[in-house]
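Below you'll find the structure, written out as structure tokens, and then a few comments.
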Amino acid sequence: MSFDSLADWLSWLEAQRPEHDMVLGLDRIGEVARRLLPEKLAPTVITVAGTNGKGSTVALLDAMLSEGGLTVGAYTSPHLLRFNERVRIKGEMVSDHQLCEAFEQVNAARDDTFLTYFEFATLAALVIFSKSDLDVLLLEVGLGGRLDAVNIIEPDVAIVTTVALDHQQWLGNDIETIAAEKAGIYRREKPALFGDFPVPQSLLSVIDKIGAKPFLRENDFAIERCNKGLIFRGTGSASEKVTLSGLVEPELPLTSVACALEAIQLLPYPISVSAINAGLTKVAVAGRMQKLQVRRQDGREVTVILDVAHNPQAAQYLAERLKTLMSEQRLTAVLAMLDDKDFGSVVNGFNDIFNEWHVAAVGYGPRALPAETLADHLISRGQRVQCHENVADALDAALEVDDETNTVVVFGSFHTVSESLQHLQDRERQAQYE
């Protein structure tokens with residue numbers, strides 16, 4: 001099987017098995033990887049897992065290490081607009097040609113071994129990284145940790161950012177079970193970072209059982225705000241104490257900032273405070289408190305905030321940031337979610353924040369939560385709600401709210417943000433031709 005375009009490869013992969021029909025396990029992908037990949041992909045590998053904050057931590061590490069003069073590769077998922085977003089080298093997306101070549105190699109190496117969409121994509125990314133002369137490779141776990149495809153690669157540093165309830169059908173129904181799954185990325189005698197608290201006992205048990213080196217937030221590293229910026233206190237690779245003051249605070253969770261900074265202290269590279277601050281200043285993650293200015297039909301600009309928050313922990317963080325940053329604004333929600341999410345706990349965290357809600361179903365048929373389900377729940381809580389056929393219509397309606405202080409907040413899933421970004425691009429292109 002061979003295709004000339006990336007679009008054809010992706011269509012073929014999606015037709016083999018929808019991405020939501022997961023097959024966890026490392027035996028099949030491990031077998032193909034042994035045929036395909038060198039023993040070491042980069043001098044330093046950092047793997048990042050966690051319920052929330054994985055992508056932000058990878059982005060922070062990428063920005064700060066790159067500012068420190070290192071060549072960095074980063075693998076993240078899912079993408080918002082282009083598949084190429086998943087594979088970046090030196091901060092840039094790889095080309096369609098590179099991906100097509102890598103898919104060709106993976107397909108040849110797998111023979112008749114079945115690979116899921118995510119496994120196929122992961123191997124293609126690793127093939128590209130293996131040819132790229134990297135200093136540091138950053139790998140974001142797709143789901144869980146222990147049985148996730150990226151766990152075939154041995155990390156030099158492993159980070160679990162947070163543990164909360166999400167993906168229970170695959171990871172377990174309680175925090176302790178989920179934490180043990182995520183701790184599966186830790187390795188013997190290697191740094192094992194955890195950015196949340198309290199620390200689940202199961203995670204500590206995994207660290208102790210395998211003989212990893214624990215670095216725990218509020219014990220080995222911590223971060224706080226002060227009037228002159230962030231202060232980070234951490235631990236170096238020789239157990240020395242490290243203090244960094246006057247750090248720039250990015251619009252990303254402090255948990256992710258703390259994890260990234262502690263990981264840097266454990267690497268064999270001298271990254272200066274100026275490089276760290278340059279990275280913190282430049283870092284931005286699409287779909288994480290992403291702020292855009294969008295022109296309405298009457299020419300007035302409206303602020304739109306896009307966030308992929310889709311579980312209670314992420315929703316709580318988004319609500320807190322909105323209270324802090326947007327207390328003087330009239331907030332209008334655009335919400336669409338997947339049907340396996342705890343939508344009640346997600347929306348209940350926004351009591352008294354939104355003046356009205358515009359709800360829709362994402363365009364991902366097999367897993368779309370009906371807009372009516374969201375609307376019924378919100379109405380039962382006394383909220384003002386309008387139902388729409390799709391995310392684009394919901395966003396258009398929210399943008400036209402007649403209030404000069406109106407700010408639109410789009411959230412609920414990666415699909416919601418992706419469809420919104422695509423629609424805003426389409427609106428902009430259409431306006432250019434009018």
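Convention: chains lettered A, B, ... in structure tokens order; per-chain residue numbering from 1; ligands numbered from 1 as shown.
Around Phe114 of chain A, within 9 Å and counting only C-alpha atoms, the residues found are Arg28, Ile29, Arg110 and Asp111 of chain A, once anything fewer than 3 positions away on its own chain is removed.
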List as an mmCIF file with C-alpha atoms, in the first residue's frame the protein and nucleic acid residues near Cys226 of chain A, meaning an atom at most 10 Å away when only C-alpha atoms are counted, but skip any in the same chain fewer than 3 places from it.
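Just written: selection18.cif:
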```
data_model
loop_
_atom_site.group_PDB
_atom_site.id
_atom_site.type_symbol
_atom_site.label_atom_id
_atom_site.label_comp_id
_atom_site.auth_asym_id
_atom_site.auth_seq_id
_atom_site.Cartn_x
_atom_site.Cartn_y
_atom_site.Cartn_z
ATOM 1 C CA ILE A 223 6.581 27.546 42.084
ATOM 2 C CA GLY A 229 7.285 37.458 38.614
ATOM 3 C CA LEU A 230 7.473 33.749 39.307
ATOM 4 C CA ILE A 231 9.832 32.163 41.805
ATOM 5 C CA SER A 245 13.537 34.404 40.571
ATOM 6 C CA GLY A 246 11.853 37.019 38.409
ATOM 7 C CA LEU A 247 10.573 34.528 35.846
#
```
If I take atom CA of Thr407 of chain A and atom CA of Glu372 of chain A, how far is one from the other in Å, to one decimal?
23.7 Å
Tell me, in Å to one decimal, how far atom CA of Leu292 of chain A is from atom CA of Gly73 of chain A.
27.1 Å
Nearest to Thr113 of chain A, restricted to only C-alpha atoms and choosing among A:Glu189, A:Thr161, A:Gln422, A:Ala33, comes out as A:Ala33
Nearest residue to Thr51 of chain A out of A:Val72, A:Val23, A:Ile89, A:Leu171, using only C-alpha atoms?
A:Leu171
For Glu218 of chain A: contacts at 12 Å, only C-alpha atoms, fewer than 4 positions along chain excluded, given as a PyMOL selection string
chain A and resi 193-199+222-224+232-235+255+258-259+262
